[in-house]
Amino acid sequence: MAGFYSAVDICVGAATAGANPYAWQSSSTIANADTLAQRIARPPGFERVSVPPESWAAWLRGLPLKSANVPVLLYTGAPKWRQDVHAAVIDIDVGKRDLQQCADAIMRLRGEWLFAANRKKEIVFNYTDGKRRRFSSRRKLDYASFKKYMTLVFAYAGTYSLERELQQVPRQDIQIGDVFIRGGFPGHTVLVADMVANPTTGEKRFLLIQSFMPAQEMHVLKNPAASDGSPWYPADFTGSLLTPEWSFPEGALRRWP
């Protein structure tokens with residue numbers, strides 16, 4: 001049916017042509033890793049919504065995962081105090097400092113996709129003081145320089161600044177790559193990493209990725225309302241969005257301009 005991926009091509013288009021789109025990993029490691037779309041099964045009767053090849057949404061579906069049933073680790077290497085909130089762990093470095101927290105993780109993913117898509121002039125984030133910092137203003141635009149730039153973003157940006165640079169969208173228009181965000185000190189944000197729809201009823205569900213405080217590995221969240229531990233959230237929920245460690249009020253959905 002038009003508008004949906006079949007079971008065998010859910011990851012088509014996740015990679016940018018001719019290059020490793022997940023530069024923090026070697027090409028051989030990526031080739032042997034489960035992706036988010038491969039590991040997280042569709043609910044019965046649902047199909048993954050179609051997205052353009054090489055898009056932000058397709059790239060998120062191709063994120064590599066660590067082995068099944070591994071714990072979420074803090075930046076110190078110690079296990080997170082709660083190990084009951086995640087369905088999978090994204091295989092991406094968290095760093096050795098308490099920097100890559102919730103908003104930082106989402107900005108990291110957005111920046112990584114733009115870097116992989118060779119859209120380096122579009123890598124720009126606001127600091128908390130309102131100033132916009134562009135990666136393209138740096139002397140070198142290689143991956144090592146990108147990682148240094150993102151470290152500065154982590155130190156000087158957060159949910160307060162990210163909420164103000166994103167555009168509010170109606171919840172019924174939710175798309176892969178959108179974020180639920182509540183800016184503040186502290187605030188929190190989670191990323192919509194995938195979506196499915198039932199071709200008969202039109203019902204939609206979505207997956208969420210988060211980091212948290214202190215800095216920790218990014219992970220796919222379970223839905224606390226699902227008795228079976230499912231990570232799929234219904235898109236037609238009412239009131240606040242309840243996640244295992246935070247709730248987001250009406251009007252919290254945002255999109256990159």
# chains A, B, ... in the order shown; residues from 1 in each chain; ligands from 1

call {"tool": "select_by_dssp", "arguments": {"residues": "region 21-253 of chain A", "states": "strand (DSSP E or B)", "output": "ChimeraX atom specification"}}
result
/A:35,47-49,64-65,73-74,79,86-90,124-126,132-134,167-168,179-182,188-197,204-210,216,219-221,233-234,241-243,246-248,253

call {"tool": "select_by_dssp", "arguments": {"residues": "region 45-252 of chain A", "states": "helix (DSSP H, G or I)", "output": "PyMOL selection string"}}
result
chain A and resi 56-61+102-116+120-122+135-137+143-156+159-165+171-173

call {"tool": "closest_residue", "arguments": {"among": "A:Lys120, A:Lys204, A:Lys222, A:Arg182", "to": "Glu250 (chain A)", "atoms": "only C-alpha atoms"}}
result
A:Arg182

call {"tool": "closest_residue", "arguments": {"among": "A:Thr128, A:Arg255, A:Glu203, A:Asn198", "to": "Glu47 (chain A)", "atoms": "only C-alpha atoms"}}
result
A:Asn198

call {"tool": "closest_residue", "arguments": {"among": "A:Lys66, A:Arg48, A:Lys147, A:His188", "to": "Leu109 (chain A)", "atoms": "only C-alpha atoms"}}
result
A:Lys147

call {"tool": "residues_around", "arguments": {"residues": "region 152-156 of chain A", "least_positions_apart": "4", "cutoff": "12 Å", "atoms": "only C-alpha atoms", "output": "JSON, numbers by chain"}}
result
{"A": [94, 95, 97, 98, 99, 100, 101, 102, 103, 104, 105, 106, 107, 108, 111, 123, 124, 125, 126, 127, 128, 129, 130, 131, 132, 133, 134, 135, 145, 146, 147, 148, 160, 161, 162, 215]}

call {"tool": "closest_residue", "arguments": {"among": "A:Gly184, A:Gly239, A:Pro244, A:Pro231", "to": "Leu207 (chain A)", "atoms": "only C-alpha atoms"}}
result
A:Pro231

call {"tool": "closest_residue", "arguments": {"among": "A:Phe46, A:Phe206, A:Trp232, A:Phe237", "to": "Gly177 (chain A)", "atoms": "only C-alpha atoms"}}
result
A:Phe206

call {"tool": "closest_residue", "arguments": {"among": "A:Arg39, A:Arg138, A:Arg171, A:Lys96", "to": "Ala252 (chain A)", "atoms": "only C-alpha atoms"}}
result
A:Arg171

call {"tool": "decode", "arguments": {"residues": "region 153-195 of chain A", "atoms": "N, CA and C atoms", "output": "PDB file, in the first residue's frame"}}
result
ATOM      1  N   VAL A 153      28.923  23.060  22.078  1.00  0.00           N
ATOM      2  CA  VAL A 153      27.461  23.174  22.067  1.00  0.00           C
ATOM      3  C   VAL A 153      26.888  22.537  23.327  1.00  0.00           C
ATOM      4  N   PHE A 154      27.376  21.353  23.680  1.00  0.00           N
ATOM      5  CA  PHE A 154      26.886  20.676  24.888  1.00  0.00           C
ATOM      6  C   PHE A 154      27.087  21.540  26.129  1.00  0.00           C
ATOM      7  N   ALA A 155      28.212  22.255  26.172  1.00  0.00           N
ATOM      8  CA  ALA A 155      28.543  23.043  27.357  1.00  0.00           C
ATOM      9  C   ALA A 155      27.713  24.318  27.471  1.00  0.00           C
ATOM     10  N   TYR A 156      27.303  24.887  26.326  1.00  0.00           N
ATOM     11  CA  TYR A 156      26.686  26.212  26.346  1.00  0.00           C
ATOM     12  C   TYR A 156      25.254  26.256  25.816  1.00  0.00           C
ATOM     13  N   ALA A 157      24.685  25.102  25.494  1.00  0.00           N
ATOM     14  CA  ALA A 157      23.291  25.033  25.037  1.00  0.00           C
ATOM     15  C   ALA A 157      22.555  23.985  25.864  1.00  0.00           C
ATOM     16  N   GLY A 158      21.252  23.957  25.755  1.00  0.00           N
ATOM     17  CA  GLY A 158      20.455  22.988  26.509  1.00  0.00           C
ATOM     18  C   GLY A 158      18.997  23.075  26.117  1.00  0.00           C
ATOM     19  N   THR A 159      18.127  22.558  26.952  1.00  0.00           N
ATOM     20  CA  THR A 159      16.702  22.549  26.610  1.00  0.00           C
ATOM     21  C   THR A 159      16.146  23.963  26.472  1.00  0.00           C
ATOM     22  N   TYR A 160      16.630  24.906  27.289  1.00  0.00           N
ATOM     23  CA  TYR A 160      16.134  26.280  27.229  1.00  0.00           C
ATOM     24  C   TYR A 160      16.372  26.870  25.841  1.00  0.00           C
ATOM     25  N   SER A 161      17.590  26.724  25.324  1.00  0.00           N
ATOM     26  CA  SER A 161      17.915  27.295  24.013  1.00  0.00           C
ATOM     27  C   SER A 161      17.306  26.481  22.878  1.00  0.00           C
ATOM     28  N   LEU A 162      17.319  25.151  22.992  1.00  0.00           N
ATOM     29  CA  LEU A 162      16.801  24.321  21.908  1.00  0.00           C
ATOM     30  C   LEU A 162      15.309  24.543  21.704  1.00  0.00           C
ATOM     31  N   GLU A 163      14.557  24.661  22.787  1.00  0.00           N
ATOM     32  CA  GLU A 163      13.117  24.886  22.657  1.00  0.00           C
ATOM     33  C   GLU A 163      12.825  26.160  21.862  1.00  0.00           C
ATOM     34  N   ARG A 164      13.651  27.167  22.032  1.00  0.00           N
ATOM     35  CA  ARG A 164      13.418  28.449  21.390  1.00  0.00           C
ATOM     36  C   ARG A 164      13.846  28.495  19.931  1.00  0.00           C
ATOM     37  N   GLU A 165      14.660  27.564  19.487  1.00  0.00           N
ATOM     38  CA  GLU A 165      15.030  27.567  18.076  1.00  0.00           C
ATOM     39  C   GLU A 165      14.212  26.585  17.246  1.00  0.00           C
ATOM     40  N   LEU A 166      13.381  25.790  17.885  1.00  0.00           N
ATOM     41  CA  LEU A 166      12.509  24.862  17.172  1.00  0.00           C
ATOM     42  C   LEU A 166      11.121  25.468  16.992  1.00  0.00           C
ATOM     43  N   GLN A 167      10.376  24.936  16.021  1.00  0.00           N
ATOM     44  CA  GLN A 167       9.046  25.438  15.712  1.00  0.00           C
ATOM     45  C   GLN A 167       7.986  24.519  16.318  1.00  0.00           C
ATOM     46  N   GLN A 168       7.015  25.123  16.979  1.00  0.00           N
ATOM     47  CA  GLN A 168       5.920  24.345  17.548  1.00  0.00           C
ATOM     48  C   GLN A 168       5.041  23.804  16.431  1.00  0.00           C
ATOM     49  N   VAL A 169       4.639  22.537  16.560  1.00  0.00           N
ATOM     50  CA  VAL A 169       3.753  21.916  15.577  1.00  0.00           C
ATOM     51  C   VAL A 169       2.611  21.219  16.312  1.00  0.00           C
ATOM     52  N   PRO A 170       1.439  21.108  15.665  1.00  0.00           N
ATOM     53  CA  PRO A 170       0.326  20.403  16.296  1.00  0.00           C
ATOM     54  C   PRO A 170       0.655  18.935  16.500  1.00  0.00           C
ATOM     55  N   ARG A 171       0.214  18.388  17.617  1.00  0.00           N
ATOM     56  CA  ARG A 171       0.538  17.002  17.928  1.00  0.00           C
ATOM     57  C   ARG A 171       0.023  16.033  16.872  1.00  0.00           C
ATOM     58  N   GLN A 172      -1.132  16.357  16.239  1.00  0.00           N
ATOM     59  CA  GLN A 172      -1.684  15.449  15.234  1.00  0.00           C
ATOM     60  C   GLN A 172      -0.832  15.392  13.966  1.00  0.00           C
ATOM     61  N   ASP A 173       0.110  16.331  13.824  1.00  0.00           N
ATOM     62  CA  ASP A 173       1.002  16.344  12.660  1.00  0.00           C
ATOM     63  C   ASP A 173       2.364  15.733  12.970  1.00  0.00           C
ATOM     64  N   ILE A 174       2.487  14.987  14.035  1.00  0.00           N
ATOM     65  CA  ILE A 174       3.756  14.431  14.475  1.00  0.00           C
ATOM     66  C   ILE A 174       4.469  13.680  13.362  1.00  0.00           C
ATOM     67  N   GLN A 175       5.788  13.867  13.276  1.00  0.00           N
ATOM     68  CA  GLN A 175       6.621  13.207  12.279  1.00  0.00           C
ATOM     69  C   GLN A 175       7.888  12.670  12.939  1.00  0.00           C
ATOM     70  N   ILE A 176       8.518  11.711  12.265  1.00  0.00           N
ATOM     71  CA  ILE A 176       9.831  11.246  12.703  1.00  0.00           C
ATOM     72  C   ILE A 176      10.798  12.425  12.685  1.00  0.00           C
ATOM     73  N   GLY A 177      11.590  12.551  13.734  1.00  0.00           N
ATOM     74  CA  GLY A 177      12.548  13.640  13.846  1.00  0.00           C
ATOM     75  C   GLY A 177      12.056  14.804  14.680  1.00  0.00           C
ATOM     76  N   ASP A 178      10.754  14.838  14.994  1.00  0.00           N
ATOM     77  CA  ASP A 178      10.229  15.852  15.903  1.00  0.00           C
ATOM     78  C   ASP A 178      10.719  15.586  17.320  1.00  0.00           C
ATOM     79  N   VAL A 179      10.577  16.578  18.190  1.00  0.00           N
ATOM     80  CA  VAL A 179      10.967  16.398  19.586  1.00  0.00           C
ATOM     81  C   VAL A 179       9.852  16.889  20.503  1.00  0.00           C
ATOM     82  N   PHE A 180       9.698  16.225  21.611  1.00  0.00           N
ATOM     83  CA  PHE A 180       8.912  16.746  22.722  1.00  0.00           C
ATOM     84  C   PHE A 180       9.905  17.407  23.665  1.00  0.00           C
ATOM     85  N   ILE A 181       9.629  18.662  24.029  1.00  0.00           N
ATOM     86  CA  ILE A 181      10.612  19.390  24.820  1.00  0.00           C
ATOM     87  C   ILE A 181       9.930  20.288  25.842  1.00  0.00           C
ATOM     88  N   ARG A 182      10.535  20.352  27.000  1.00  0.00           N
ATOM     89  CA  ARG A 182      10.124  21.269  28.060  1.00  0.00           C
ATOM     90  C   ARG A 182      11.385  21.965  28.523  1.00  0.00           C
ATOM     91  N   GLY A 183      11.605  23.162  28.001  1.00  0.00           N
ATOM     92  CA  GLY A 183      12.841  23.869  28.286  1.00  0.00           C
ATOM     93  C   GLY A 183      12.864  24.432  29.689  1.00  0.00           C
ATOM     94  N   GLY A 184      14.035  24.423  30.291  1.00  0.00           N
ATOM     95  CA  GLY A 184      14.150  24.969  31.635  1.00  0.00           C
ATOM     96  C   GLY A 184      15.425  24.542  32.310  1.00  0.00           C
ATOM     97  N   PHE A 185      15.490  24.779  33.611  1.00  0.00           N
ATOM     98  CA  PHE A 185      16.694  24.497  34.403  1.00  0.00           C
ATOM     99  C   PHE A 185      16.300  23.760  35.690  1.00  0.00           C
ATOM    100  N   PRO A 186      16.005  22.456  35.655  1.00  0.00           N
ATOM    101  CA  PRO A 186      16.217  21.585  34.508  1.00  0.00           C
ATOM    102  C   PRO A 186      14.990  21.525  33.594  1.00  0.00           C
ATOM    103  N   GLY A 187      15.209  21.020  32.406  1.00  0.00           N
ATOM    104  CA  GLY A 187      14.149  20.674  31.477  1.00  0.00           C
ATOM    105  C   GLY A 187      14.445  19.293  30.939  1.00  0.00           C
ATOM    106  N   HIS A 188      13.700  18.891  29.945  1.00  0.00           N
ATOM    107  CA  HIS A 188      13.966  17.580  29.341  1.00  0.00           C
ATOM    108  C   HIS A 188      13.422  17.569  27.925  1.00  0.00           C
ATOM    109  N   THR A 189      13.943  16.665  27.113  1.00  0.00           N
ATOM    110  CA  THR A 189      13.475  16.499  25.747  1.00  0.00           C
ATOM    111  C   THR A 189      13.724  15.079  25.283  1.00  0.00           C
ATOM    112  N   VAL A 190      12.838  14.588  24.425  1.00  0.00           N
ATOM    113  CA  VAL A 190      12.958  13.263  23.819  1.00  0.00           C
ATOM    114  C   VAL A 190      12.706  13.399  22.324  1.00  0.00           C
ATOM    115  N   LEU A 191      13.252  12.493  21.550  1.00  0.00           N
ATOM    116  CA  LEU A 191      13.231  12.556  20.090  1.00  0.00           C
ATOM    117  C   LEU A 191      12.336  11.462  19.523  1.00  0.00           C
ATOM    118  N   VAL A 192      11.473  11.826  18.571  1.00  0.00           N
ATOM    119  CA  VAL A 192      10.653  10.850  17.855  1.00  0.00           C
ATOM    120  C   VAL A 192      11.544  10.180  16.807  1.00  0.00           C
ATOM    121  N   ALA A 193      11.862   8.898  17.021  1.00  0.00           N
ATOM    122  CA  ALA A 193      12.857   8.220  16.199  1.00  0.00           C
ATOM    123  C   ALA A 193      12.263   7.331  15.116  1.00  0.00           C
ATOM    124  N   ASP A 194      10.990   7.002  15.210  1.00  0.00           N
ATOM    125  CA  ASP A 194      10.358   6.154  14.199  1.00  0.00           C
ATOM    126  C   ASP A 194       8.849   6.250  14.373  1.00  0.00           C
ATOM    127  N   MET A 195       8.113   5.902  13.305  1.00  0.00           N
ATOM    128  CA  MET A 195       6.652   5.890  13.363  1.00  0.00           C
ATOM    129  C   MET A 195       6.107   4.750  12.526  1.00  0.00           C
TER     130      MET A 195
END
